[in-house]
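Notes to accompany the following structure.
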Amino acid sequence: MPNPSKIPCRKCVKNTGILTCEGCSNKLCGKCFNEHRQELSKELDNVVYEHDTLKQQLETTNQLSSHPLFKQIDQWQKDAIDKINTLAEHSRNAVEKVLNDNKVELINRVQTITDELRKGRNDEDYVETDLEEWLEQLKQLQQQLVKPSNISLIEEKQTSWINKINIINSNRKTSEKLEKTCGDVSTEENGQVAVHGSSATHAEIRGANMYSTGNIQIKMKIEKLFINDWMFVGIVSSSLPMKSSPINSTSAFGWIIGKNNFCVNNKKINSFGVWDADIQENDIIELHINCDKKKVQLSNYHTNKRDEIYVDISICPFPWQLHFNIHGSGDRVRLLKE
């Protein structure tokens, strides 16, 4: 007679469920658990296939020359024949630069997935949710490769008989998430929230993305800011090793908010300039990372105040990463999606 206190295997129902899958939370018997892992291995193969396909497309040498934007430029050139050859060549160069910049960013993001896939396979440390997340990221990158959302062509109306076209590289609403940590801090909700532990110590958090080109906007909310404490928001060079207090390095550029709203100067860490943005708990702020103009800006939605810092790339070289340094017990910051 079956023991009612034992939970049957979710798959075969006959045997007792002695093992729990961390991904689907199902109780399985030993045999079904092994079969389940084999099924997951096959699904991982599918993710790796999608990854390799995207990586091969990125490495294809003729990817840029076949882009649909060039067809628009070619049609525009045909209408004006030889009188617009100079403008057409200028526009092609601009498109190629934007697409190359977009490709560099995609290669950096694919490399991050490459490392995660390799580690997951080598350590056998992956579950269904990991596979779904990797596949979704690859699909998004594939879409960005085929049809970048931040690039478009507009026709400039002029009094002359020919209309010039411009290449528009618009601000990107990034799909950033918090990934690497150092010190008494952890991430929650799939990297959308950073939470400081119970101690009052320096702790660093960095974003997953690498930024070398374009304009990026990252909106966030200061959900918890311990009274009379502070929080650093800004960027850091990805070449700087992780440590609990990287704001003492000239490679970190940004703002210390909370206690006195001091602005980290782009010369020395002990050379502060006062910026009274009045950022408080529950305020929504937005960090603008302008790689093309080599500067960062911070805006406070509550006070409509904004400040900017020019970045010296000789001491803070590309690529840059989103960077927080949290000090107060229980302090929280959340990335907001558009």
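Going by the structure tokens order, chains are called A, B, ..., each with residues numbered from 1, while ligands are numbered from 1 in the order shown.
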Identify, with DSSP run on backbone atoms, the residues in segment 102-232 of chain A assigned to alpha helix (DSSP H), and express the list as a PDB file with C-alpha atoms, in the first residue's frame.
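Final output, result_38.pdb:
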```pdb
ATOM      1  CA  ASN A 102      26.055  48.746 -33.284  1.00  0.00           C
ATOM      2  CA  LYS A 103      27.948  45.584 -34.255  1.00  0.00           C
ATOM      3  CA  VAL A 104      30.695  46.255 -31.685  1.00  0.00           C
ATOM      4  CA  GLU A 105      28.081  46.563 -28.953  1.00  0.00           C
ATOM      5  CA  LEU A 106      26.329  43.365 -30.099  1.00  0.00           C
ATOM      6  CA  ILE A 107      29.642  41.472 -30.141  1.00  0.00           C
ATOM      7  CA  ASN A 108      30.305  42.575 -26.532  1.00  0.00           C
ATOM      8  CA  ARG A 109      26.823  41.456 -25.431  1.00  0.00           C
ATOM      9  CA  VAL A 110      27.102  38.127 -27.289  1.00  0.00           C
ATOM     10  CA  GLN A 111      30.471  37.530 -25.602  1.00  0.00           C
ATOM     11  CA  THR A 112      28.759  37.876 -22.225  1.00  0.00           C
ATOM     12  CA  ILE A 113      26.232  35.200 -23.259  1.00  0.00           C
ATOM     13  CA  THR A 114      29.087  33.060 -24.595  1.00  0.00           C
ATOM     14  CA  ASP A 115      30.762  33.130 -21.179  1.00  0.00           C
ATOM     15  CA  GLU A 116      27.493  32.319 -19.396  1.00  0.00           C
ATOM     16  CA  LEU A 117      26.735  29.389 -21.740  1.00  0.00           C
ATOM     17  CA  ARG A 118      30.229  27.983 -21.387  1.00  0.00           C
ATOM     18  CA  LYS A 119      30.132  28.252 -17.598  1.00  0.00           C
ATOM     19  CA  GLY A 120      26.629  26.761 -17.427  1.00  0.00           C
ATOM     20  CA  ARG A 121      27.586  23.798 -19.598  1.00  0.00           C
ATOM     21  CA  ASN A 122      30.910  23.142 -17.864  1.00  0.00           C
ATOM     22  CA  ASP A 123      29.387  23.376 -14.381  1.00  0.00           C
ATOM     23  CA  GLU A 128      14.726  26.049 -17.583  1.00  0.00           C
ATOM     24  CA  THR A 129      14.634  29.714 -16.609  1.00  0.00           C
ATOM     25  CA  ASP A 130      18.289  30.145 -17.617  1.00  0.00           C
ATOM     26  CA  LEU A 131      17.622  28.586 -21.046  1.00  0.00           C
ATOM     27  CA  GLU A 132      14.566  30.794 -21.592  1.00  0.00           C
ATOM     28  CA  GLU A 133      16.502  33.920 -20.608  1.00  0.00           C
ATOM     29  CA  TRP A 134      19.473  33.100 -22.890  1.00  0.00           C
ATOM     30  CA  LEU A 135      17.166  32.356 -25.813  1.00  0.00           C
ATOM     31  CA  GLU A 136      15.211  35.594 -25.287  1.00  0.00           C
ATOM     32  CA  GLN A 137      18.447  37.613 -25.140  1.00  0.00           C
ATOM     33  CA  LEU A 138      19.675  36.004 -28.369  1.00  0.00           C
ATOM     34  CA  LYS A 139      16.392  36.756 -30.123  1.00  0.00           C
ATOM     35  CA  GLN A 140      16.567  40.398 -29.030  1.00  0.00           C
ATOM     36  CA  LEU A 141      20.162  40.694 -30.239  1.00  0.00           C
ATOM     37  CA  GLN A 142      19.213  39.008 -33.529  1.00  0.00           C
ATOM     38  CA  GLN A 143      16.460  41.617 -34.034  1.00  0.00           C
ATOM     39  CA  GLN A 144      18.867  44.433 -33.177  1.00  0.00           C
ATOM     40  CA  LEU A 145      21.356  43.056 -35.733  1.00  0.00           C
ATOM     41  CA  VAL A 146      18.797  42.708 -38.547  1.00  0.00           C
TER      42      VAL A 146
END
```
Just asking: which residues within segment 47-199 of chain A are strand (DSSP E) according to DSSP, as an NGL selection string?
:A and (151-156 or 164-169 or 172-173 or 178-182 or 185-188 or 193-196)
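Considering the residues A:Met231, A:Met242, A:Leu19, A:Ile279 and counting only C-alpha atoms, Gly183 of chain A has its shortest atom-to-atom contact with A:Met242.
Residue nearest His67 of chain A within the list A:Leu40, A:Pro148, A:Tyr49, A:Gly30: A:Pro148 [criterion: smallest interatomic distance, only C-alpha atoms].
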What is the atom CA of His36 of chain A to atom CA of Cys9 of chain A distance in Å?
11.9 Å
Residue with smallest distance to Gly23 of chain A - pool A:Arg37, A:Lys11, A:Ser198, A:Lys219, counting only C-alpha atoms:
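Looking at the shortest contact to Gly23 of chain A, the residue is A:Arg37.
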Close residues, Leu335 of chain A itself excluded, 9 Å, only C-alpha atoms, min 5 positions apart in chain, as a list in words:
Glu176, Lys177, Leu178, Gly191, Gln192, Val193, Ala194, Ile218, Lys219, Met220 and Lys221 of chain A
Using only C-alpha atoms, please write the residues we just selected to a file, as a compact mmCIF listing (two decimals), in the first residue's frame.
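Okay, part31.txt is ready:
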```txt
# COMPACT_ATOMS: atom_id res chain seq x y z
CA GLU A 176 20.37 46.95 -18.74
CA LYS A 177 20.51 44.68 -15.71
CA LEU A 178 22.67 44.58 -12.59
CA GLY A 191 19.12 41.87 -11.92
CA GLN A 192 16.66 44.77 -11.79
CA VAL A 193 17.18 45.59 -8.08
CA ALA A 194 20.32 45.99 -5.94
CA ILE A 218 19.06 54.43 -17.94
CA LYS A 219 16.15 55.28 -15.65
CA MET A 220 16.20 54.17 -12.01
CA LYS A 221 14.45 54.67 -8.67
```
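In terms of minimum interatomic distance to Leu99 of chain A, A:Pro68 ranks closest within A:Pro8, A:Gly197, A:Pro319, A:Pro68, counting only C-alpha atoms.
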Would you work out the distance separating atom CA of Gln297 of chain A from atom CA of Trp320 of chain A, expressed in Å to one decimal?
14.1 Å
Computed interatomic separation between atom CA of Ser239 of chain A and atom CA of Leu322 of chain A (Å):
12.9 Å
Might you pull out every residue within 10 Å of Phe318 of chain A, with only C-alpha atoms counted and same-chain residues fewer than 3 positions away left off, and present them as JSON, numbers by chain?
{"A": [210, 211, 212, 213, 236, 237, 238, 239, 291, 294, 313, 314, 315, 321]}
If we count only C-alpha atoms, what is near Asn290 of chain A at a cut-off of 8 Å, once residues fewer than 5 positions away on the same chain are taken out, given as a list of chain:residue names?
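My list of contacting residues is A:Thr213, A:Gly214, A:Asn215, A:Ile216, A:Lys295, A:Val296.
Proximity ranking of A:Ser149, A:Asn325, A:Asn209, A:Ser65 relative to Gly254 of chain A places A:Asn325 first, based on only C-alpha atoms.
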Tell me which protein, DNA and RNA residues are within 12 Å of Lys14 of chain A, counting only C-alpha atoms, leaving out same-chain ones fewer than 2 positions away, and put them as an MDAnalysis selection string.
chainID A and resid 2 6:12 16:17 28:32
Please produce a file of those selected residues containing C-alpha atoms, as a PDB file, in the first residue's frame.
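Final output, saved to out_27.pdb:
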```
ATOM      1  CA  PRO A   2       1.506   3.389  -1.025  1.00  0.00           C
ATOM      2  CA  LYS A   6       5.376  10.283   0.076  1.00  0.00           C
ATOM      3  CA  ILE A   7       5.059  12.549  -2.942  1.00  0.00           C
ATOM      4  CA  PRO A   8       4.844  10.643  -6.228  1.00  0.00           C
ATOM      5  CA  CYS A   9       7.136  11.438  -9.157  1.00  0.00           C
ATOM      6  CA  ARG A  10       5.539  14.208 -11.228  1.00  0.00           C
ATOM      7  CA  LYS A  11       6.504  12.501 -14.473  1.00  0.00           C
ATOM      8  CA  CYS A  12       5.929   8.767 -14.111  1.00  0.00           C
ATOM      9  CA  THR A  16       8.454   8.381  -5.229  1.00  0.00           C
ATOM     10  CA  GLY A  17       9.714  11.876  -6.014  1.00  0.00           C
ATOM     11  CA  LEU A  28      11.034  13.485  -9.659  1.00  0.00           C
ATOM     12  CA  CYS A  29      12.318   9.977  -9.085  1.00  0.00           C
ATOM     13  CA  GLY A  30      15.955   9.213  -9.868  1.00  0.00           C
ATOM     14  CA  LYS A  31      15.273   7.756 -13.318  1.00  0.00           C
ATOM     15  CA  CYS A  32      12.952  10.567 -14.407  1.00  0.00           C
TER      16      CYS A  32
END
```
Between A:Lys42, A:Glu96, A:Asp307, A:Ile227, single out the one closest to Ser66 of chain A, counting only C-alpha atoms.
A:Glu96
